Each structure stands twice: as structure tokens, then as C-alpha cells.
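Structure data follow from start_14.txt (compact mmCIF, C-alpha atoms and all ligand atoms):
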# COMPACT_ATOMS: atom_id res chain seq x y z
CA MET A 1 -63.58 -47.07 19.70
CA GLU A 2 -64.06 -43.47 18.86
CA CYS A 3 -61.14 -41.14 18.93
CA SER A 4 -62.14 -37.57 19.62
CA LYS A 5 -60.31 -34.45 18.50
CA ALA A 6 -58.17 -32.62 21.03
CA LYS A 7 -60.10 -29.92 22.86
CA VAL A 8 -57.24 -27.46 22.66
CA GLN A 9 -54.86 -26.54 19.88
CA ILE A 10 -51.41 -25.03 19.98
CA ASP A 11 -49.83 -23.39 16.96
CA THR A 12 -46.30 -24.61 17.54
CA SER A 13 -44.76 -21.86 15.43
CA THR A 14 -46.30 -19.00 17.45
CA GLY A 15 -47.40 -20.64 20.73
CA LYS A 16 -50.99 -19.48 20.16
CA LEU A 17 -53.55 -21.48 22.13
CA THR A 18 -57.16 -21.93 21.03
CA GLY A 19 -60.06 -24.06 22.18
CA GLU A 20 -61.62 -25.03 25.49
CA ASP A 21 -60.49 -23.57 28.80
CA VAL A 22 -58.15 -21.07 27.16
CA SER A 23 -58.03 -17.64 28.76
CA LYS A 24 -55.92 -14.57 28.18
CA SER A 25 -54.59 -11.84 30.43
CA THR A 26 -53.19 -8.53 29.26
CA HIS A 27 -50.56 -6.60 31.20
CA GLN A 28 -50.41 -2.92 30.34
CA LEU A 29 -47.93 -0.39 31.67
CA LYS A 30 -50.57 0.88 34.10
CA HIS A 31 -50.59 -2.56 35.76
CA LEU A 32 -46.82 -2.58 36.20
CA GLN A 33 -46.32 0.28 38.62
CA GLY A 34 -43.05 -0.13 40.53
CA ILE A 35 -41.63 -2.81 38.23
CA PHE A 36 -39.44 -0.60 36.03
CA GLU A 37 -36.67 1.42 37.63
CA ASP A 38 -37.02 4.68 35.66
CA GLN A 39 -40.16 6.19 37.17
CA ALA A 40 -39.96 9.38 35.05
CA ALA A 41 -39.71 7.39 31.80
CA TYR A 42 -42.57 5.15 33.01
CA GLU A 43 -44.84 8.13 33.67
CA ALA A 44 -44.04 9.72 30.30
CA MET A 45 -45.34 6.67 28.43
CA ASN A 46 -48.91 5.80 27.47
CA PRO A 47 -50.28 3.77 30.41
CA GLU A 48 -52.39 1.71 27.98
CA THR A 49 -49.26 0.30 26.28
CA ILE A 50 -49.38 -3.49 26.35
CA VAL A 51 -46.13 -4.89 27.73
CA TYR A 52 -47.07 -8.57 27.74
CA GLU A 53 -49.95 -10.98 27.39
CA VAL A 54 -50.39 -14.51 28.70
CA GLU A 55 -52.60 -17.18 27.14
CA MET A 56 -53.34 -20.04 29.46
CA HIS A 57 -54.91 -23.45 29.29
CA ASP A 58 -56.42 -23.55 32.75
CA LYS A 59 -58.31 -26.80 32.83
CA GLU A 60 -57.30 -27.22 36.47
CA THR A 61 -58.45 -24.81 39.11
CA LEU A 62 -55.57 -22.84 40.56
CA GLY A 63 -54.38 -24.55 43.70
CA THR A 64 -55.26 -28.11 42.70
CA GLU A 65 -52.52 -30.41 43.89
CA GLY A 66 -51.22 -32.77 41.21
CA GLY A 67 -52.53 -30.75 38.26
CA LEU A 68 -50.63 -28.79 35.63
CA LEU A 69 -51.16 -25.45 33.93
CA PHE A 70 -49.89 -24.55 30.48
CA GLY A 71 -49.38 -21.15 28.95
CA THR A 72 -47.73 -18.94 26.38
CA SER A 73 -46.33 -15.54 27.34
CA TYR A 74 -45.91 -12.86 24.67
CA ILE A 75 -43.61 -10.04 25.69
CA TYR A 76 -43.69 -7.17 23.21
CA PRO A 77 -40.56 -5.29 22.12
CA GLY A 78 -39.97 -2.01 23.88
CA LYS A 79 -38.21 -0.26 26.73
CA VAL A 80 -39.00 1.94 29.70
CA GLY A 81 -36.01 4.26 29.70
CA LYS A 82 -33.09 1.89 29.15
CA GLU A 83 -34.83 -1.14 30.61
CA TYR A 84 -36.35 -3.68 28.23
CA PHE A 85 -39.99 -4.77 28.48
CA MET A 86 -40.31 -7.74 30.82
CA THR A 87 -42.72 -9.76 32.93
CA LYS A 88 -43.32 -8.92 36.59
CA GLY A 89 -41.51 -12.09 37.61
CA HIS A 90 -42.41 -14.20 40.61
CA PHE A 91 -41.49 -16.82 43.15
CA HIS A 92 -43.99 -19.63 43.52
CA GLN A 93 -46.17 -19.36 46.60
CA LYS A 94 -45.34 -23.00 47.23
CA ARG A 95 -41.65 -22.32 46.98
CA ASN A 96 -40.52 -25.83 46.06
CA ARG A 97 -42.60 -25.94 42.86
CA ALA A 98 -40.60 -26.01 39.60
CA GLU A 99 -41.53 -24.92 36.07
CA TYR A 100 -40.46 -25.37 32.44
CA TYR A 101 -40.12 -22.47 30.00
CA TRP A 102 -39.20 -22.83 26.33
CA GLY A 103 -38.49 -20.33 23.61
CA ILE A 104 -40.91 -20.23 20.66
CA GLN A 105 -40.28 -16.91 18.88
CA GLY A 106 -38.05 -13.90 19.36
CA HIS A 107 -35.00 -13.21 21.48
CA GLY A 108 -34.98 -12.86 25.22
CA VAL A 109 -33.31 -13.35 28.55
CA LEU A 110 -34.67 -15.46 31.39
CA LEU A 111 -33.53 -14.22 34.78
CA PHE A 112 -33.45 -16.65 37.70
CA MET A 113 -33.10 -15.32 41.24
CA SER A 114 -32.51 -17.37 44.38
CA GLU A 115 -34.17 -16.47 47.68
CA THR A 116 -30.91 -14.87 48.77
CA GLY A 117 -30.84 -12.64 45.67
CA GLU A 118 -28.25 -14.40 43.46
CA VAL A 119 -29.17 -13.90 39.82
CA THR A 120 -28.27 -16.07 36.84
CA ALA A 121 -29.52 -15.71 33.26
CA GLU A 122 -30.15 -17.85 30.19
CA GLU A 123 -30.64 -16.70 26.62
CA VAL A 124 -34.10 -17.48 25.24
CA LEU A 125 -34.31 -18.36 21.55
CA PRO A 126 -36.68 -20.54 19.49
CA GLY A 127 -36.07 -24.07 20.76
CA SER A 128 -34.30 -23.20 24.00
CA LEU A 129 -35.57 -25.15 27.03
CA HIS A 130 -35.30 -23.77 30.55
CA TYR A 131 -35.84 -25.68 33.77
CA ILE A 132 -36.74 -23.38 36.66
CA GLN A 133 -36.03 -25.13 39.95
CA GLY A 134 -38.10 -24.54 43.04
CA TYR A 135 -37.16 -21.66 45.35
CA THR A 136 -36.20 -19.60 42.26
CA ALA A 137 -37.90 -16.44 41.01
CA HIS A 138 -38.18 -16.10 37.22
CA ARG A 139 -38.64 -13.16 34.87
CA LEU A 140 -38.63 -12.92 31.06
CA VAL A 141 -37.07 -9.95 29.28
CA ASN A 142 -37.51 -9.18 25.58
CA ILE A 143 -34.17 -7.97 24.18
CA GLY A 144 -35.22 -8.39 20.53
CA GLU A 145 -37.05 -6.31 17.95
CA ASP A 146 -39.99 -8.70 17.65
CA VAL A 147 -42.41 -10.32 20.03
CA LEU A 148 -40.85 -12.82 22.44
CA ALA A 149 -43.13 -15.88 22.74
CA VAL A 150 -42.31 -18.36 25.49
CA GLY A 151 -44.15 -21.52 26.49
CA ALA A 152 -44.57 -22.53 30.12
CA CYS A 153 -45.81 -25.52 32.11
CA TRP A 154 -46.12 -25.49 35.90
CA PRO A 155 -47.96 -27.21 38.76
CA SER A 156 -51.47 -25.86 39.35
CA ASP A 157 -50.83 -25.52 43.07
CA ALA A 158 -47.61 -23.50 42.61
CA GLY A 159 -49.27 -20.09 42.95
CA HIS A 160 -47.59 -16.72 42.32
CA ASP A 161 -45.83 -14.63 44.93
CA TYR A 162 -45.25 -11.13 43.54
CA ALA A 163 -44.88 -9.33 46.87
CA ASP A 164 -41.25 -10.22 47.33
CA ILE A 165 -40.35 -9.02 43.82
CA LEU A 166 -42.32 -5.78 44.20
CA GLU A 167 -40.46 -5.07 47.40
CA ARG A 168 -36.88 -5.76 46.38
CA GLY A 169 -36.98 -6.33 42.60
CA PHE A 170 -34.45 -8.53 40.85
CA SER A 171 -30.87 -7.77 41.85
CA LYS A 172 -29.87 -7.62 38.17
CA LYS A 173 -31.43 -5.48 35.45
CA VAL A 174 -31.39 -5.94 31.68
CA ARG A 175 -30.64 -2.56 30.13
CA GLU A 176 -29.60 -1.23 26.78
CA ARG A 177 -26.08 0.19 26.80
CA ASN A 178 -24.53 1.58 23.58
CA GLY A 179 -27.26 -0.12 21.58
CA VAL A 180 -26.79 -3.59 23.07
CA PRO A 181 -28.43 -5.43 25.97
CA PHE A 182 -26.43 -5.64 29.16
CA ILE A 183 -27.22 -7.64 32.30
CA GLU A 184 -25.88 -5.65 35.23
C1 LIG B 201 -45.64 -17.83 32.35
C2 LIG B 201 -45.98 -18.57 33.63
C3 LIG B 201 -47.16 -17.92 34.35
C4 LIG B 201 -46.90 -16.43 34.53
C5 LIG B 201 -46.58 -15.76 33.19
C6 LIG B 201 -46.24 -14.27 33.31
O1 LIG B 201 -46.66 -18.02 31.42
O2 LIG B 201 -44.86 -18.54 34.48
O3 LIG B 201 -47.35 -18.55 35.59
O4 LIG B 201 -48.00 -15.82 35.17
O5 LIG B 201 -45.45 -16.43 32.62
O6 LIG B 201 -45.25 -14.02 34.26
P1 LIG B 201 -45.55 -13.14 35.56
O7 LIG B 201 -46.67 -13.84 36.31
O8 LIG B 201 -44.26 -13.17 36.32
O9 LIG B 201 -45.94 -11.80 35.12
ZN ZN B 202 -43.71 -19.56 37.70

Since I need it in another form, could you write the structure as C-alpha cells?
Ligand code: M6P
Ligand code: ZN
Amino acid sequence: MECSKAKVQIDTSTGKLTGEDVSKSTHQLKHLQGIFEDQAAYEAMNPETIVYEVEMHDKETLGTEGGLLFGTSYIYPGKVGKEYFMTKGHFHQKRNRAEYYWGIQGHGVLLFMSETGEVTAEEVLPGSLHYIQGYTAHRLVNIGEDVLAVGACWPSDAGHDYADILERGFSKKVRERNGVPFIE
């Protein structure tokens, strides 16, 4: 029997995905209007600045029940005012869908928020594994000096609901205070 080579490769030290059905999305400051609290600091920055990128192995069409999607998020180091660069964050459209995140490179914080607005946080480091239960919004924040690379695997029918987050944000922010990150 023939044994074929895998169609996709992951560099386990960086999270980089290559091969078939790999796509990439880039999130610049100009795409993140309303996400950071300091509007004046936001407007003073170059709108082309890349805040984060996501590589995805999307073999399954979004919305397919029973399938999985796999990705690596790269959040670059930086701040808007005192607030560290972060992902938009989302609830799943199908609220009960869960997700795994794991730390690959860099130093970050994963914020979890319940539907009633309670926030908890876990430190993200190379090798840390994070289980995101259903009904829980999730956002990654880079509190380090280098890129924060985080792996993710989630059901292909989970979907993203950003509307709720855009409207009320996360009830806790990760800001720099006296040179150190503070969740408040
Ligand atoms: C991870 C997964 C993706 C998500 C991405 C960026 O790779 O959770 O589903 O899209 O992070 O996060 P966000 O969509 O919140 O910007
Ligand atoms: Zn998710």
C-alpha cells in the first residue's frame, strides 16, 4: 500500500502552516475600529500597522457540521495607548461550540468572558493549553516583546459572532501600568 505525504505541514516551533487549503488573513489597525479604548491614540497611529494575522487550514467549508478548522494566530507586539495589541475576540455563533488554544511562541494573556460579562484570564506561554468552553468569548492579548503565536482548533460550524463584542467589549482590559501588564 502506498503511503502518501501529508498535504499540509506545520512548523511546530513557530506554528507556521504550509501546503494545501492554507489561507491567511491580515488584520491591520484600520480593520479594528472600535476595538481599542483610546480612540485618540488609535487615530494617531499608522492605519496600515498589522496587529495580527491568522493562518488557517480550512479544508472544511465554514458551517459544515462535524468538521474541524485549524489555525495559528500571530499577534504582534505593540500597544494602542496603554492597551496591548490583541485580537478582536468573539463568541461562537453556535454558542455551545468549544475550542482549544495552545501557546507556541511569545507571552500572552487569554481572556475568557461569559455571556453575563464575567472575565477570567490565563497566561499563554509556549506549551500552555487552553480549553475554551462553549458560551465563552475569547480574546488573545500580546503582553510580550515578541510575536505571540497561538494554535487553535475549533468546529467548522462554530462561526464567529463579533457584534456582541463590538457593542460592549470585554469587561476587563489588559493595559500597561508602570511598565507591567495589568488586567483591570
Ligand atoms: C484563532 C481562532 C479563529 C479566530 C482567530 C482570530 O485562530 O479562534 O477562529 O478567527 O483566532 O481571532 P478573532 O477572530 O477573535 O479576531
Ligand atoms: Zn473561537

With 7 Å as the cut-off and only C-alpha atoms and all ligand atoms counted, what is the closest atom pair between each nearby residue of chain A and ligand LIG 201 (chain B)? Distances in Å to one decimal, ordered by chain and number, as a Markdown table.
| residue | atom | partner | partner_atom | distance |
| --- | --- | --- | --- | --- |
| A:Val54 | CA | B:LIG201 | O1 | 5.8 |
| A:Gly71 | CA | B:LIG201 | O1 | 4.8 |
| A:Thr72 | CA | B:LIG201 | O1 | 5.2 |
| A:Ser73 | CA | B:LIG201 | O1 | 4.8 |
| A:Thr87 | CA | B:LIG201 | O9 | 4.4 |
| A:Lys88 | CA | B:LIG201 | O9 | 4.2 |
| A:Gly89 | CA | B:LIG201 | O8 | 3.2 |
| A:His90 | CA | B:LIG201 | O8 | 4.8 |
| A:His138 | CA | B:LIG201 | O8 | 6.8 |
| A:Arg139 | CA | B:LIG201 | O8 | 5.8 |
| A:Gly151 | CA | B:LIG201 | O1 | 6.5 |
| A:Ala152 | CA | B:LIG201 | O1 | 5.1 |
| A:His160 | CA | B:LIG201 | O7 | 6.7 |

- Write out as a ChimeraX atom specification which residues come within 12 Å of Ile10 (chain A) when counting all atoms listed in the file, dropping same-chain ones fewer than 3 positions away. /A:6-7,13-20,22,55-57,70-72,104,151

- For CA of Tyr52 (chain A) and CA of Leu69 (chain A), quote the distance in Å rounded to one decimal.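 Going from CA of Tyr52 (chain A) over to CA of Leu69 (chain A) covers 18.4 Å.
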
A straight line from CA of Gln93 (chain A) to CA of Ala158 (chain A) spans 5.9 Å

(request) Compile the contact shell of Asp146 (chain A) as a ChimeraX atom specification: residues with an atom at most 7 Å away, counting only C-alpha atoms, same-chain residues fewer than 3 positions apart removed. (result) /A:76-77,106

Practice item. Would you please work out which residue, of A:Pro155, A:Gly117, A:Gly108, A:Gly66, is nearest to ligand ZN 202 (chain B) when using only C-alpha atoms and all ligand atoms? Key: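 Of A:Pro155, A:Gly117, A:Gly108, A:Gly66, the one nearest ligand ZN 202 (chain B) is A:Pro155, counting only C-alpha atoms and all ligand atoms.
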
With distances taken over all atoms listed in the file, the candidate from A:Leu129, A:Lys79, A:Glu99, A:Gln28 nearest Pro47 (chain A) is A:Gln28

Kindly assemble as CSV a list of the region 50-145 of chain A residues that lie within 10 Å of region 36-46 of chain A, each paired with its nearest atom pair and their distance in Å to one decimal, using only C-alpha atoms, sorted first by chain and then by ascending residue number.
residue,atom,partner,partner_atom,distance
A:Ile50,CA,A:Asn46,CA,9.4
A:Lys79,CA,A:Ala41,CA,9.3
A:Val80,CA,A:Tyr42,CA,5.8
A:Gly81,CA,A:Ala41,CA,5.3
A:Lys82,CA,A:Asp38,CA,8.1
A:Glu83,CA,A:Phe36,CA,7.1
A:Tyr84,CA,A:Phe36,CA,8.9
A:Phe85,CA,A:Phe36,CA,8.6
A:Met86,CA,A:Phe36,CA,8.9
A:Lys88,CA,A:Phe36,CA,9.2

If we count all atoms listed in the file, what is near Glu184 (chain A) at a cut-off of 8 Å, once residues fewer than 4 positions away on the same chain are taken out, given as a JSON list (two decimals) with C-alpha atoms, in the coordinates of the input?
[["chain", "number", "residue", "atom", "x", "y", "z"],
["A", 172, "LYS", "CA", -29.87, -7.62, 38.17],
["A", 173, "LYS", "CA", -31.43, -5.48, 35.45],
["A", 174, "VAL", "CA", -31.39, -5.94, 31.68],
["A", 175, "ARG", "CA", -30.64, -2.56, 30.13]]

What's around Leu125 (chain A) at 10 Å? Count all atoms listed in the file, leave out sequence neighbours fewer than 3 positions away in its own chain, and write the answer as a PDB file with C-alpha atoms, keeping the file's coordinate frame.
ATOM      1  CA  TRP A 102     -39.200 -22.830  26.330  1.00  0.00           C
ATOM      2  CA  GLY A 103     -38.490 -20.330  23.610  1.00  0.00           C
ATOM      3  CA  ILE A 104     -40.910 -20.230  20.660  1.00  0.00           C
ATOM      4  CA  GLN A 105     -40.280 -16.910  18.880  1.00  0.00           C
ATOM      5  CA  GLY A 106     -38.050 -13.900  19.360  1.00  0.00           C
ATOM      6  CA  HIS A 107     -35.000 -13.210  21.480  1.00  0.00           C
ATOM      7  CA  GLY A 108     -34.980 -12.860  25.220  1.00  0.00           C
ATOM      8  CA  VAL A 109     -33.310 -13.350  28.550  1.00  0.00           C
ATOM      9  CA  GLU A 122     -30.150 -17.850  30.190  1.00  0.00           C
ATOM     10  CA  SER A 128     -34.300 -23.200  24.000  1.00  0.00           C
ATOM     11  CA  LEU A 129     -35.570 -25.150  27.030  1.00  0.00           C
ATOM     12  CA  LEU A 148     -40.850 -12.820  22.440  1.00  0.00           C
ATOM     13  CA  ALA A 149     -43.130 -15.880  22.740  1.00  0.00           C
ATOM     14  CA  VAL A 150     -42.310 -18.360  25.490  1.00  0.00           C
TER      15      VAL A 150
END

Using only C-alpha atoms, the best pick from A:Asp21, A:Val119, A:Ile143, A:Lys5 as closest to Thr61 (chain A) would be A:Asp21

Separating CA of Lys30 (chain A) from CA of His92 (chain A), to the nearest tenth of an Å, is a gap of 23.5 Å

So which residues touch Thr120 (chain A) within 9 Å, counting all atoms listed in the file, skipping near sequence neighbours fewer than 2 positions away, as a PDB file with C-alpha atoms, in the frame of the given file?
ATOM      1  CA  LEU A 110     -34.670 -15.460  31.390  1.00  0.00           C
ATOM      2  CA  LEU A 111     -33.530 -14.220  34.780  1.00  0.00           C
ATOM      3  CA  PHE A 112     -33.450 -16.650  37.700  1.00  0.00           C
ATOM      4  CA  MET A 113     -33.100 -15.320  41.240  1.00  0.00           C
ATOM      5  CA  SER A 114     -32.510 -17.370  44.380  1.00  0.00           C
ATOM      6  CA  GLU A 118     -28.250 -14.400  43.460  1.00  0.00           C
ATOM      7  CA  GLU A 122     -30.150 -17.850  30.190  1.00  0.00           C
ATOM      8  CA  LYS A 172     -29.870  -7.620  38.170  1.00  0.00           C
TER       9      LYS A 172
END

Axis-aligned box over every listed atom of region 112-117 of chain A, padded by 4 Å per side: centre and edges in Å to one decimal, as JSON?
{"center_x": -32.5, "center_y": -15.0, "center_z": 43.2, "size_x": 11.3, "size_y": 12.7, "size_z": 19.1}

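Of the listed residues A:Val141, A:Ile35, A:Ile132, A:Met1, the one whose atoms come nearest to ligand ZN 202 (chain B) is A:Ile132, with distances taken using all atoms listed in the file.
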
Top pick for closest residue to ligand ZN 202 (chain B), considering A:Asn178, A:Tyr101, A:Phe170, A:Val147 and counting only C-alpha atoms and all ligand atoms: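 When distances to ligand ZN 202 (chain B) are compared using only C-alpha atoms and all ligand atoms, the smallest one comes from A:Tyr101.
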